[in-house]
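Shown next, in structure tokens, is the structure this report addresses.
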Amino acid sequence: MSVQPIEWLGNKVRILDQTKLPQKEVYIETADYSVLASAIRKLQVRGAPAIGVAGAYGIALGALAIEAESKEEFLKKFQRVSRAIAGTRPTARNLFYAVERMDKVAQGGKNVAEIKAKLVKEAIKINKLEAEATVKMSKFGATLIKDGFTILTHCNAGPLATTGYGTALGVIIRAAEQGKKVKVYADETRPLLQGARLTVWELQKEGIPVTLITDNMAGYFLSQGKIDCVIVGADRIAANGDTANKIGTYSVAVLAKENGVPFYVAAPTTTIDPSLKTGKEIPIEQRKSEEVTHLRGVCIVPDCEVANPAFDVTPHKYISALITERGIIRKPLGVGINKIIGR
Ligand code: MRU
């Protein structure tokens, strides 16, 4: 893909600062894992799969910088690095998937030099797996898209949010590449405008027609019969198919069902958390109030109480199908998930 949100440059990492898009394309290069941890927290790198890859690279950077005489000493210091990365954002399952894989590699290595080399390899592998998953998923998902479809999406689930094609946008991009004439309505996605800033930017780069709407217009367009299907990404999917995604997704899903419009979730299996029975157990990140009260540094509201949950959970009954790199999971989603992840 033309957009690379995160790249491993040997002993350092380069990320595209997504908070500056679309006005400026600014890159951050760092060999310091705490800079990467802070970039994840600040959403300079964001989107569940990209957070996972950034986490893995962050752990690799942290490990490379550790000075230790023995494996035991190394593991003690490594735990601090791994915990710091795991503590950046709580909702995206991909982050914990990456942390768990990196922890396992660290435990399994023989000596400090070998562990460091293996951790770098593992982080690169996680990136490759996430990128490949988006390619496969986009092919399965594109079978659901007919020529002439108008698709509604929420937040940003494109190349910027993954290290490949994207999840929801990957499906749309693939359908367009197959010659299907598709159009997209993009919810702006308050409060941080990932839809307006990032999805519109990405779709324009791909030459796919896109109309920007505010979040509260979604019901209007769904009720007008203007939307053929909704596709969104996911941050964590529970064993029964309940799905956490950017705040506002739940409202769109309910409105889609009310209007008889299929609602699809596209996500790699690394987003599925089979340890959680239902979406009620998914931890929801609460972010600072300034993201709601301020626009580009300017306060736009009187002094007041503010709530800012970053995600909501869409119960599985509103989801028509899950699109993964291993195939499309139809209802009942819980049964399909079980089968596809081989439990
Ligand atoms: O807070 P963000 O911008 O990281 O939230 C991102 C989303 O909610 C995406 O829709 C989700 O991660 C799917 S990305 C492929």
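A note on labels: chains of the structure tokens are A, B, ... as shown, every chain counts residues from 1, and ligands are counted from 1 in their shown order.
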Hey, what's within 12 Å of A:Ala186 if we count only C-alpha atoms and toss same-chain stuff fewer than 5 positions away? As a ChimeraX atom specification, please?
/A:150-158,168-169,193-204,208-218,221,227,230-232,252
For the contact check between stretch 133-240 of chain A and stretch 69-92 of chain A, emit one row per residue of stretch 133-240 of chain A within 10 Å, containing the shortest atom pair and the distance in Å rounded to one decimal, counting only C-alpha atoms, chain then rising number order, as a tab-separated table.
residue	atom	partner	partner_atom	distance
A:Ala234	CA	A:Ala92	CA	8.1
A:Asp235	CA	A:Ala92	CA	4.4
A:Arg236	CA	A:Ala92	CA	5.5
A:Ile237	CA	A:Ala92	CA	9.3
List the neighbours of A:Ile51 out to 9 Å using only C-alpha atoms; skip same-chain residues closer than 2 positions along the sequence, and give me the result as a list in words.
Ile40, Val45, Arg46, Gly47, Ala48, Pro49, Val53, Ala54, Gly55, Ala56, Arg89, Ala92, Asn94, Leu95, Ala161 and Thr162 of chain A
Run DSSP on the backbone and grab whatever in stretch 85-284 of chain A lands in helix (DSSP H, G or I); send it over as number ranges by chain.
A: 85-86, 93-108, 112-142, 159-161, 168-177, 194-206, 215-223, 249-258, 269-271, 279-281
